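**Q** input_22.cif (mmCIF, C-alpha atoms) pasted underneath:
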data_structure
loop_
_atom_site.label_atom_id
_atom_site.label_comp_id
_atom_site.auth_asym_id
_atom_site.auth_seq_id
_atom_site.Cartn_x
_atom_site.Cartn_y
_atom_site.Cartn_z
CA MET A 1 -57.42 -68.32 195.20
CA ASN A 2 -55.20 -66.03 193.20
CA TRP A 3 -55.79 -64.09 190.00
CA ASN A 4 -54.33 -66.70 187.65
CA MET A 5 -56.74 -69.28 188.96
CA LEU A 6 -59.71 -66.94 188.67
CA ILE A 7 -58.83 -65.99 185.10
CA PHE A 8 -58.35 -69.63 184.16
CA LEU A 9 -61.67 -70.63 185.68
CA TYR A 10 -63.48 -67.84 183.86
CA LEU A 11 -61.85 -68.80 180.56
CA ALA A 12 -62.56 -72.50 181.03
CA PHE A 13 -66.18 -71.85 181.91
CA ALA A 14 -66.67 -69.49 178.98
CA MET A 15 -65.04 -71.88 176.51
CA THR A 16 -67.07 -74.85 177.70
CA PHE A 17 -70.32 -72.90 177.73
CA SER A 18 -69.88 -71.32 174.32
CA SER A 19 -68.80 -74.55 172.63
CA PHE A 20 -71.78 -76.31 174.19
CA LEU A 21 -74.08 -73.61 172.86
CA ALA A 22 -72.37 -73.93 169.48
CA ILE A 23 -73.29 -77.57 169.14
CA ILE A 24 -76.86 -77.23 170.39
CA SER A 25 -77.94 -74.12 168.51
CA ARG A 26 -80.24 -74.81 165.61
CA ASN A 27 -79.32 -71.82 163.50
CA PRO A 28 -75.91 -72.35 161.83
CA VAL A 29 -75.05 -68.65 161.97
CA HIS A 30 -75.48 -68.70 165.75
CA ALA A 31 -73.33 -71.83 165.95
CA VAL A 32 -70.50 -70.22 164.01
CA LEU A 33 -70.69 -67.08 166.14
CA TRP A 34 -70.52 -69.15 169.34
CA VAL A 35 -67.43 -70.89 167.96
CA LEU A 36 -66.01 -67.41 167.40
CA VAL A 37 -66.62 -66.55 171.07
CA MET A 38 -64.85 -69.76 172.08
CA ILE A 39 -61.88 -69.00 169.85
CA LEU A 40 -61.43 -65.49 171.25
CA HIS A 41 -61.43 -66.86 174.79
CA GLN A 42 -58.95 -69.48 173.74
CA ALA A 43 -56.67 -66.82 172.31
CA PHE A 44 -56.56 -65.21 175.74
CA LEU A 45 -55.91 -68.62 177.29
CA LEU A 46 -52.89 -68.99 175.01
CA TYR A 47 -51.72 -65.59 176.25
CA THR A 48 -51.92 -66.75 179.84
CA LEU A 49 -49.96 -69.82 178.77
CA GLY A 50 -47.11 -67.53 177.83
CA SER A 51 -47.20 -67.27 174.07
CA GLU A 52 -48.14 -63.91 172.58
CA PHE A 53 -47.36 -64.99 169.05
CA LEU A 54 -49.82 -67.88 169.17
CA THR A 55 -52.48 -65.47 170.47
CA ALA A 56 -51.98 -63.31 167.41
CA VAL A 57 -51.96 -66.31 165.07
CA GLN A 58 -55.09 -67.70 166.69
CA ILE A 59 -56.98 -64.44 166.25
CA ILE A 60 -55.75 -63.79 162.72
CA VAL A 61 -56.07 -67.31 161.31
CA TYR A 62 -59.06 -68.69 163.21
CA ALA A 63 -61.22 -65.66 163.89
CA GLY A 64 -60.11 -63.82 160.79
CA ALA A 65 -59.88 -66.49 158.13
CA VAL A 66 -61.52 -69.78 159.08
CA LEU A 67 -64.69 -68.42 160.66
CA VAL A 68 -65.19 -65.87 157.91
CA LEU A 69 -64.93 -68.79 155.49
CA PHE A 70 -67.59 -70.62 157.51
CA LEU A 71 -69.86 -67.58 157.46
CA PHE A 72 -69.40 -67.15 153.72
CA VAL A 73 -70.42 -70.76 153.13
CA VAL A 74 -73.42 -70.43 155.48
CA TYR A 75 -74.63 -67.39 153.57
CA MET A 76 -73.86 -68.97 150.22
CA ILE A 77 -75.84 -72.17 150.64
CA ASN A 78 -78.82 -70.48 152.32
CA LEU A 79 -79.60 -72.90 155.11
CA ARG A 80 -82.95 -73.21 156.68
CA LYS A 81 -83.42 -73.89 160.35
CA GLU A 82 -83.30 -77.47 161.40
CA GLU A 83 -86.73 -78.97 161.97
CA ARG A 84 -86.29 -82.68 162.51
CA TRP A 85 -84.10 -82.54 165.60
CA LYS A 86 -85.84 -85.18 167.71
CA VAL A 87 -86.09 -87.76 164.97
CA PHE A 88 -82.38 -87.80 164.36
CA VAL A 89 -81.52 -88.07 168.05
CA ARG A 90 -83.76 -91.10 168.36
CA ARG A 91 -82.21 -92.74 165.35
CA SER A 92 -78.60 -92.06 166.29
CA SER A 93 -78.17 -94.83 168.84
CA TYR A 94 -74.98 -96.09 167.17
CA GLY A 95 -73.54 -92.62 167.56
CA PHE A 96 -74.51 -92.64 171.22
CA ILE A 97 -72.74 -95.97 171.80
CA ILE A 98 -69.60 -94.66 170.13
CA PHE A 99 -69.86 -91.49 172.20
CA LEU A 100 -70.10 -93.43 175.46
CA PHE A 101 -67.13 -95.55 174.44
CA PHE A 102 -65.00 -92.48 173.79
CA LEU A 103 -66.16 -90.91 177.06
CA TYR A 104 -65.07 -93.99 179.02
CA PHE A 105 -61.76 -94.15 177.15
CA PHE A 106 -60.84 -90.53 177.74
CA PHE A 107 -61.78 -90.35 181.38
CA LYS A 108 -59.83 -93.55 181.91
CA ASN A 109 -56.79 -91.89 180.37
CA LEU A 110 -57.17 -88.67 182.34
CA ALA A 111 -54.91 -90.00 185.07
CA PHE A 112 -52.34 -91.08 182.51
CA LEU A 113 -52.29 -87.67 180.84
CA THR A 114 -52.00 -85.78 184.11
CA ALA A 115 -49.13 -88.00 185.20
CA LEU A 116 -47.46 -87.26 181.88
CA GLY A 117 -47.05 -83.56 182.64
CA PRO A 118 -44.46 -83.50 185.43
CA ALA A 119 -42.66 -86.56 184.05
CA PHE A 120 -42.15 -84.93 180.67
CA LYS A 121 -38.47 -84.27 179.98
CA ALA A 122 -37.78 -81.11 178.03
CA GLN A 123 -36.11 -81.99 174.76
CA LEU A 124 -36.00 -78.49 173.32
CA PRO A 125 -35.83 -76.27 176.39
CA TYR A 126 -36.28 -72.52 176.38
CA ASP A 127 -35.18 -69.86 178.78
CA LEU A 128 -37.21 -66.69 178.99
CA SER A 129 -34.32 -64.74 180.47
CA GLN A 130 -32.39 -65.21 177.22
CA GLY A 131 -35.11 -63.97 174.92
CA SER A 132 -38.82 -63.79 174.38
CA ASN A 133 -41.07 -66.67 173.55
CA LEU A 134 -41.27 -65.57 169.92
CA LEU A 135 -37.47 -65.57 169.64
CA TRP A 136 -37.21 -69.13 170.92
CA MET A 137 -40.03 -70.28 168.68
CA ALA A 138 -38.35 -68.79 165.64
CA ARG A 139 -35.00 -70.28 166.62
CA TYR A 140 -36.36 -73.80 166.82
CA LEU A 141 -38.84 -73.43 163.95
CA TYR A 142 -36.13 -72.64 161.44
CA SER A 143 -33.67 -75.24 162.72
CA HIS A 144 -35.32 -78.33 164.21
CA TYR A 145 -38.74 -78.03 162.62
CA LEU A 146 -37.76 -76.74 159.19
CA PHE A 147 -38.99 -79.81 157.33
CA GLN A 148 -42.37 -79.74 159.06
CA PHE A 149 -42.67 -76.05 158.29
CA GLU A 150 -42.13 -76.73 154.59
CA VAL A 151 -44.65 -79.59 154.71
CA ILE A 152 -47.29 -77.26 156.17
CA GLY A 153 -46.58 -74.81 153.37
CA CYS A 154 -47.02 -77.56 150.76
CA ILE A 155 -50.27 -78.69 152.41
CA LEU A 156 -51.71 -75.17 152.27
CA LEU A 157 -50.69 -74.86 148.61
CA VAL A 158 -52.39 -78.18 147.81
CA VAL A 159 -55.51 -76.97 149.64
CA ILE A 160 -55.65 -73.88 147.42
CA PHE A 161 -55.36 -76.08 144.32
CA GLY A 162 -57.92 -78.53 145.70
CA ALA A 163 -60.52 -75.86 146.46
CA VAL A 164 -60.13 -74.32 143.02
CA PHE A 165 -60.27 -77.74 141.38
CA LEU A 166 -63.33 -78.91 143.32
CA LEU A 167 -65.35 -75.76 142.78
CA ARG A 168 -64.63 -75.25 139.11
CA LYS A 169 -67.57 -75.06 136.76
CA LEU A 170 -69.02 -78.53 136.44
CA LYS A 171 -69.37 -79.75 132.90
CA GLU A 172 -72.76 -81.13 132.04
CA VAL A 173 -72.46 -84.76 130.97
CA GLY A 174 -75.21 -86.32 128.95
CA MET B 1 -49.90 -71.04 188.68
CA VAL B 2 -52.74 -73.24 187.51
CA PRO B 3 -52.07 -76.98 187.88
CA PHE B 4 -51.60 -79.06 184.77
CA GLU B 5 -54.58 -81.29 185.57
CA TYR B 6 -56.98 -78.40 185.07
CA TYR B 7 -55.78 -77.85 181.53
CA VAL B 8 -56.08 -81.55 180.74
CA THR B 9 -59.61 -81.57 182.13
CA LEU B 10 -60.57 -78.53 180.07
CA SER B 11 -59.12 -80.15 176.97
CA LEU B 12 -61.03 -83.37 177.59
CA ILE B 13 -64.29 -81.50 178.13
CA LEU B 14 -63.84 -79.58 174.89
CA PHE B 15 -62.95 -82.78 173.05
CA VAL B 16 -66.06 -84.54 174.32
CA ILE B 17 -68.27 -81.58 173.37
CA GLY B 18 -66.79 -81.51 169.88
CA LEU B 19 -67.20 -85.28 169.55
CA ALA B 20 -70.85 -85.01 170.55
CA GLY B 21 -71.29 -82.35 167.88
CA VAL B 22 -69.71 -84.57 165.23
CA LEU B 23 -71.80 -87.58 166.19
CA PHE B 24 -75.18 -85.99 166.88
CA ARG B 25 -75.61 -83.08 164.50
CA ARG B 26 -76.91 -83.42 160.96
CA ASN B 27 -75.90 -80.09 159.52
CA ILE B 28 -72.59 -80.39 157.72
CA ILE B 29 -71.53 -76.84 158.61
CA ILE B 30 -72.00 -77.43 162.34
CA LEU B 31 -70.21 -80.77 161.92
CA LEU B 32 -67.15 -78.98 160.54
CA ALA B 33 -67.38 -76.39 163.33
CA SER B 34 -67.33 -79.27 165.83
CA LEU B 35 -64.13 -80.50 164.19
CA GLU B 36 -62.71 -77.04 164.87
CA ILE B 37 -63.70 -77.42 168.54
CA ILE B 38 -61.79 -80.73 168.66
CA MET B 39 -58.74 -79.00 167.14
CA ASN B 40 -59.01 -76.33 169.82
CA ALA B 41 -58.99 -78.99 172.54
CA LEU B 42 -55.70 -80.29 171.12
CA ILE B 43 -54.31 -76.75 171.03
CA VAL B 44 -55.09 -76.24 174.73
CA LEU B 45 -53.44 -79.56 175.60
CA PHE B 46 -50.23 -78.95 173.64
CA ALA B 47 -49.83 -75.37 174.86
CA ALA B 48 -50.32 -76.49 178.47
CA ILE B 49 -47.74 -79.27 178.11
CA SER B 50 -45.29 -76.81 176.60
CA PHE B 51 -45.89 -74.26 179.35
CA HIS B 52 -45.49 -76.71 182.19
CA ALA B 53 -42.56 -78.70 180.85
CA LYS B 54 -40.64 -75.58 179.68
CA ASP B 55 -40.30 -77.14 176.25
CA ILE B 56 -40.81 -75.32 172.97
CA SER B 57 -42.20 -78.24 170.92
CA GLY B 58 -45.76 -77.81 172.16
CA TYR B 59 -45.97 -74.24 170.96
CA LEU B 60 -44.61 -75.22 167.55
CA ILE B 61 -47.09 -78.09 167.32
CA VAL B 62 -49.84 -75.57 168.10
CA PHE B 63 -48.53 -73.45 165.23
CA PHE B 64 -48.70 -76.43 162.87
CA LEU B 65 -52.14 -77.40 164.19
CA ILE B 66 -53.54 -73.97 163.36
CA GLY B 67 -52.23 -74.34 159.81
CA MET B 68 -53.73 -77.83 159.58
CA ALA B 69 -57.07 -76.55 160.86
CA ALA B 70 -57.13 -73.87 158.20
CA ALA B 71 -56.38 -76.46 155.51
CA GLU B 72 -59.05 -78.82 156.85
CA ALA B 73 -61.67 -76.06 156.93
CA GLY B 74 -60.85 -75.08 153.35
CA VAL B 75 -61.19 -78.62 151.99
CA GLY B 76 -64.23 -79.47 154.11
CA LEU B 77 -66.14 -76.34 153.21
CA SER B 78 -65.38 -76.69 149.52
CA LEU B 79 -66.69 -80.27 149.70
CA ALA B 80 -69.82 -78.99 151.48
CA VAL B 81 -70.40 -76.39 148.78
CA LEU B 82 -69.88 -79.06 146.13
CA LEU B 83 -72.42 -81.35 147.80
CA TYR B 84 -74.91 -78.50 147.98
CA LYS B 85 -74.38 -77.63 144.33
CA LYS B 86 -74.93 -81.24 143.26
CA LEU B 87 -77.66 -82.45 145.60
CA LYS B 88 -79.17 -79.27 147.15
CA LYS B 89 -78.84 -80.94 150.56
CA VAL B 90 -76.66 -80.17 153.56
CA TYR B 91 -77.96 -82.69 156.08
CA VAL B 92 -75.79 -85.74 156.36
CA ASP B 93 -78.60 -88.21 156.89
CA GLU B 94 -80.30 -87.12 153.68
CA ILE B 95 -77.19 -87.59 151.58
CA ASN B 96 -77.52 -91.13 150.25
CA PHE B 97 -75.90 -90.57 146.90
CA TYR B 98 -73.94 -93.82 146.75
CA ARG B 99 -76.49 -96.10 148.32
CA GLY B 100 -78.29 -96.88 145.12
#
Would you mind giving the structure from this file in structure tokens?

**A**
Amino acid sequence: MNWNMLIFLYLAFAMTFSSFLAIISRNPVHAVLWVLVMILHQAFLLYTLGSEFLTAVQIIVYAGAVLVLFLFVVYMINLRKEERWKVFVRRSSYGFIIFLFFLYFFFKNLAFLTALGPAFKAQLPYDLSQGSNLLWMARYLYSHYLFQFEVIGCILLVVIFGAVFLLRKLKEVG
Amino acid sequence: MVPFEYYVTLSLILFVIGLAGVLFRRNIIILLASLEIIMNALIVLFAAISFHAKDISGYLIVFFLIGMAAAEAGVGLSLAVLLYKKLKKVYVDEINFYRG
């Protein structure tokens, strides 16, 4: 067992454990902080997968922007702790059936997805001896993926407009 | 070098955990956080495919996914705040606004 394997196993265990704690914790602040722990581990997993730029983007965008937004909303709407946990679990049998269906479906397709990896033919190959990962990403982002890049920019602009429009001061009617 | 199957298994486990959070939790904030966990499962899968196939598309799709996740969190949280301002409720089984 080499170091890569050990680091991967630690990261996988930490991500699974912290996301599990995030969905079972009753206090929403604890849940958001466990998601933050998971995201930091995932940033390091992206580093071991060979992309430093995505590590930085993950930390800046997820841990810096999205989770701070979550914490702001949690503090703003002043949640109480959840009391009726057992009642909802008993009533959510439809959700449990859907969950079992998805579980069956995804473990059935595990073999398909693992067979997909070696058979995948590189359409846009990169060569790390010719430049860093960031250089290759920039090269393809501004040539092959330019339209998608612009679409993401438009989506973020529309999200800004949508948030401002939704949270404007509501006019009292009647 | 870690085999590709391990990454796929990790991604599936994270997806299933996020799906359980979406289906079983009542708090709308934790529901949106579970959607973020599902997005992170996709990020692990695409980055692993890109690393093992020596193809750049997976990394770029991860880049777009992070932007999409930010957009989704912005819209979802503003809708949650709007629901709280109108109904003073954040639990999804108590919100029966359109049921009459």

**Q** Name the residues captured by the PyMOL selection byres ((chain A) within 6 of (chain B)) when it is applied to the shown file; answer as a PyMOL selection string.

**A** chain A and resi 5+23+95+114+122+124-125+156+159+163

**Q** Suppose you want the space between atom CA of Gln42 of chain A and atom CA of Ile60 of chain A; what is it in Å?

**A**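 Distance between the two atoms: 12.8 Å.
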
**Q** Quick check, in Å to one decimal: how far apart do atom CA of Phe8 of chain A and atom CA of Leu54 of chain A lie?

**A**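 Distance between the two atoms: 17.3 Å.
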
**Q** Kindly give the distance, in Å, that separates atom CA of Ser19 of chain A and atom CA of Leu6 of chain A, rounded to a single decimal.

**A** 19.9 Å

**Q** Let me have the centre and edge lengths of the axis-aligned box enclosing all listed atoms of segment 6-17 of chain A with 6 Å padding on every side, in Å to one decimal, as JSON.

**A**
{"center_x": -64.3, "center_y": -70.4, "center_z": 182.6, "size_x": 24.0, "size_y": 20.9, "size_z": 24.2}

**Q** Which residues would end up in the selection if the PyMOL selection byres ((chain A and resi 33) around 10) were applied here, given that I need the answer as a count of residues only?

**A** 19

**Q** Residues at most 7 Å from Ile59 of chain A, counting only C-alpha atoms, excluding those fewer than 5 positions away in the same chain, as a PDB file with C-alpha atoms, in the coordinates of the input?

**A**
ATOM      1  CA  LEU A  40     -61.430 -65.490 171.250  1.00  0.00           C
ATOM      2  CA  ALA A  43     -56.670 -66.820 172.310  1.00  0.00           C
ATOM      3  CA  GLY A  64     -60.110 -63.820 160.790  1.00  0.00           C
TER       4      GLY A  64
END
